[in-house]
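Participant: Below is the structure I would like to discuss, written out as structure tokens.
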Amino acid sequence: MAQSTNSSDQQPDNTAQQGQQQSPWKKYKKYLAFGVLAILAVVIIFEFLPFGSPSINITQNSSLNSTPIYMSYGQAASLLGPLLNYSTYDMYSKSAPINITSFVEELPELYGNVSSGWVTLAEGANTTYNATADYVVLTTNNTETMAKLLGSNITAGTDLAAVVVSPGVVGALNYTYGQYANSTLSLQTLYGWKGDNVVLMVVGGNPGFLANESQMVAIAENATPLR
């Protein structure tokens with residue numbers, strides 16, 4: 001079932017409430033200055049994107065589908081525990097920290113094949129793990145191909161070693177779950193497709209933090225409508 005801004009467990013956007021804790025990912029500081037929360041997933045996905053000089057101009061300024069698809073506040077909290085920050089964006093909005101132009105520049109195959117996109121960003125309040133999550137949904141043609149292209153780019157440019165990579169099917173969701181790590185970071189990814197929607201979930205944190213895999217899959221399946 002789609003999670004919209006009037007969901008019973010979704011809280012108001014509190015992007016402005018910046019946490020006082022120090023992010024352990026100092027080398028990504030320039031991206032945090034771009035207006036993004038301390039979300040590990042953001043900087044990994046876009047580590048090499050040419051921010052500031054886009055080569056692709058997308059004039060559409062809102063998703064064509066009027067019903068947004070977000071991971072709810074409650075769902076994010078079930079992965080991370082109490083939240084320090086939670087925000088949602090239409091990826092066609094110019095103010096979105098993760099926007100569709102950046103995705104298309106990274107994956108040109110998406111150009112002309114995406115009609116809607118939404119992103120949920122969340123940061124846990126537990127300073128021991130400093131865990132973060134994001135959830136991206138793109139309505140696109142040829143979802144299987146686009147999902148695999150997106151998934152293959154998730155850890156590009158990082159030195160994270162694969163711990164577990166496993167595909168699966170739950171309900172109408174076809175997905176691949178991955179767990180990656182090095183001495184300073186723990187990263188979990190889930191990408192796939194359901195109906196006309198490509199799904200991407202990324203959860204990151206300090207070593208020792210690990211979100212529940214089954215919970216990640218259940219959230220992706222429940223939050224993404226079949227359409």
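Chain labels A, B, ... are given in the sequence in which chains occur in the structure tokens; within each chain residues are numbered consecutively from 1, and ligands are likewise numbered from 1 in the order shown.
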Hey, could you make a per-residue contact list for range 92-156 of chain A against range 167-175 of chain A with 10 Å as the cut-off, showing the nearest pair of atoms and its distance in Å to one decimal, counting only C-alpha atoms, sorted by chain and number, as a Markdown table?
Facilitator:
```
| residue | atom | partner | partner_atom | distance |
| --- | --- | --- | --- | --- |
| A:Glu144 | CA | A:Asn174 | CA | 8.6 |
| A:Ala147 | CA | A:Tyr175 | CA | 8.8 |
| A:Lys148 | CA | A:Tyr175 | CA | 9.4 |
| A:Gly151 | CA | A:Tyr175 | CA | 9.8 |
```
Participant: Which residues are close to Glu213 in chain A, i.e. within 12 Å by only C-alpha atoms, leaving aside same-chain residues fewer than 2 positions away? Reply as JSON, numbers by chain.
Facilitator: {"A": [78, 79, 164, 165, 166, 167, 168, 175, 176, 177, 178, 179, 187, 188, 189, 190, 201, 202, 203, 210, 211, 215, 216, 217, 218, 219, 220]}
Participant: Just C-alpha atoms for this one: save the residues we selected as a PDB file, in the first residue's frame.
Facilitator:
```pdb
ATOM      1  CA  SER A  78      11.212   0.255  12.630  1.00  0.00           C
ATOM      2  CA  LEU A  79      14.531  -0.019  10.764  1.00  0.00           C
ATOM      3  CA  VAL A 164      25.775 -11.275   1.364  1.00  0.00           C
ATOM      4  CA  VAL A 165      24.020 -10.790  -1.986  1.00  0.00           C
ATOM      5  CA  SER A 166      20.769 -12.692  -2.450  1.00  0.00           C
ATOM      6  CA  PRO A 167      17.757 -12.347  -4.778  1.00  0.00           C
ATOM      7  CA  GLY A 168      14.195 -13.096  -3.797  1.00  0.00           C
ATOM      8  CA  TYR A 175      14.343  -7.858  -5.290  1.00  0.00           C
ATOM      9  CA  THR A 176      18.017  -8.344  -4.599  1.00  0.00           C
ATOM     10  CA  TYR A 177      19.304  -7.805  -1.078  1.00  0.00           C
ATOM     11  CA  GLY A 178      22.946  -7.002  -0.419  1.00  0.00           C
ATOM     12  CA  GLN A 179      25.081  -6.503   2.657  1.00  0.00           C
ATOM     13  CA  LEU A 187      25.816  -0.909   4.176  1.00  0.00           C
ATOM     14  CA  GLN A 188      22.657  -2.802   3.230  1.00  0.00           C
ATOM     15  CA  THR A 189      20.918  -2.412  -0.100  1.00  0.00           C
ATOM     16  CA  LEU A 190      17.669  -3.659  -1.534  1.00  0.00           C
ATOM     17  CA  MET A 201      16.402   1.042  -0.303  1.00  0.00           C
ATOM     18  CA  VAL A 202      19.786   1.752   1.251  1.00  0.00           C
ATOM     19  CA  VAL A 203      20.569   1.490   4.967  1.00  0.00           C
ATOM     20  CA  LEU A 210      22.475  -4.101  10.905  1.00  0.00           C
ATOM     21  CA  ALA A 211      18.841  -3.534   9.982  1.00  0.00           C
ATOM     22  CA  GLN A 215      11.880  -5.938   7.673  1.00  0.00           C
ATOM     23  CA  MET A 216      13.543  -4.139   4.757  1.00  0.00           C
ATOM     24  CA  VAL A 217      11.871  -6.486   2.285  1.00  0.00           C
ATOM     25  CA  ALA A 218       8.480  -6.168   3.986  1.00  0.00           C
ATOM     26  CA  ILE A 219       8.661  -2.358   3.949  1.00  0.00           C
ATOM     27  CA  ALA A 220       9.583  -2.267   0.275  1.00  0.00           C
TER      28      ALA A 220
END
```
Participant: Between A:Ala96, A:Ala77, A:Ile58, A:Ile69, which has the minimum distance to Val199 in chain A (counting only C-alpha atoms)?
Facilitator: A:Ile69
Participant: Contacts of Ser115 in chain A at 10 Å or less, counting only C-alpha atoms, minus same-chain residues fewer than 6 places along, as a PDB file with C-alpha atoms, in the first residue's frame?
Facilitator:
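File produced: out34.pdb:
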```
ATOM      1  CA  GLN A  60       9.232  18.484 -15.734  1.00  0.00           C
ATOM      2  CA  SER A  62       6.704  17.318 -10.457  1.00  0.00           C
ATOM      3  CA  SER A  63       5.954  13.617 -10.680  1.00  0.00           C
ATOM      4  CA  LEU A  64       3.160  12.782 -13.102  1.00  0.00           C
ATOM      5  CA  ASN A  65       1.513  10.441 -10.626  1.00  0.00           C
ATOM      6  CA  TYR A  92      11.189  16.209  -9.822  1.00  0.00           C
ATOM      7  CA  ILE A 100      15.764  13.004 -11.027  1.00  0.00           C
ATOM      8  CA  LEU A 138      10.893   5.488  -9.720  1.00  0.00           C
ATOM      9  CA  THR A 139       7.975   4.871 -12.066  1.00  0.00           C
ATOM     10  CA  THR A 140       9.616   3.764 -15.294  1.00  0.00           C
ATOM     11  CA  ASN A 141       9.374   1.662 -18.409  1.00  0.00           C
TER      12      ASN A 141
END
```
Participant: According to DSSP computed on the backbone, where in range 63-135 of chain A is there strand (DSSP E)? Give the residues as a VMD selection string.
Facilitator: chain A and resid 83 to 90 114 to 124 132 to 135
Participant: With C-alpha atoms retained, write the just-selected residues as a JSON list (two decimals), in the first residue's frame.
Facilitator:
```json
[["chain", "number", "residue", "atom", "x", "y", "z"],
["A", 83, "LEU", "CA", 14.58, 9.10, 14.39],
["A", 84, "LEU", "CA", 16.60, 12.29, 14.49],
["A", 85, "ASN", "CA", 15.56, 13.39, 11.00],
["A", 86, "TYR", "CA", 12.88, 12.34, 8.54],
["A", 87, "SER", "CA", 11.97, 13.98, 5.23],
["A", 88, "THR", "CA", 10.27, 13.17, 1.93],
["A", 89, "TYR", "CA", 10.63, 14.72, -1.52],
["A", 90, "ASP", "CA", 9.24, 14.58, -5.01],
["A", 114, "VAL", "CA", 10.88, 7.85, -15.87],
["A", 115, "SER", "CA", 7.62, 9.67, -15.22],
["A", 116, "SER", "CA", 7.59, 9.91, -11.42],
["A", 117, "GLY", "CA", 10.03, 9.62, -8.55],
["A", 118, "TRP", "CA", 10.01, 10.00, -4.77],
["A", 119, "VAL", "CA", 12.63, 9.72, -2.06],
["A", 120, "THR", "CA", 12.44, 9.25, 1.71],
["A", 121, "LEU", "CA", 15.45, 10.17, 3.86],
["A", 122, "ALA", "CA", 15.78, 9.18, 7.51],
["A", 123, "GLU", "CA", 18.47, 9.36, 10.18],
["A", 124, "GLY", "CA", 18.43, 7.41, 13.43],
["A", 132, "THR", "CA", 20.67, 6.21, 8.13],
["A", 133, "ALA", "CA", 18.27, 5.06, 5.43],
["A", 134, "ASP", "CA", 16.80, 6.19, 2.18],
["A", 135, "TYR", "CA", 14.01, 4.82, 0.03]]
```
Participant: Given the choices A:Gly74, A:Gly204, A:Pro108, A:Gly81, which gets closest to Leu160 in chain A if the distance is worked out from only C-alpha atoms?
Facilitator: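 Of A:Gly74, A:Gly204, A:Pro108, A:Gly81, the one nearest Leu160 in chain A is A:Gly204, counting only C-alpha atoms.
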Participant: Figure out the distance between CA of Leu185 in chain A and CA of Ser72 in chain A, please, to one decimal in Å.
Facilitator: 25.0 Å
Participant: Could you tell me how far CA of Val136 in chain A sits from CA of Thr224 in chain A, in Å to one decimal place?
Facilitator: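 Rounded to one decimal, the two atoms are 10.1 Å apart.
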Participant: Find the distance between CA of Gly192 in chain A and CA of Asn142 in chain A and write it in Å to one decimal.
Facilitator: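 It comes out at 11.7 Å.
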Participant: Run DSSP on the backbone and grab whatever in range 23-222 of chain A lands in helix (DSSP H, G or I); send it over as an NGL selection string.
Facilitator: :A and (26-32 or 40-45 or 73-80 or 100-106 or 108-110 or 143-152 or 213-222)
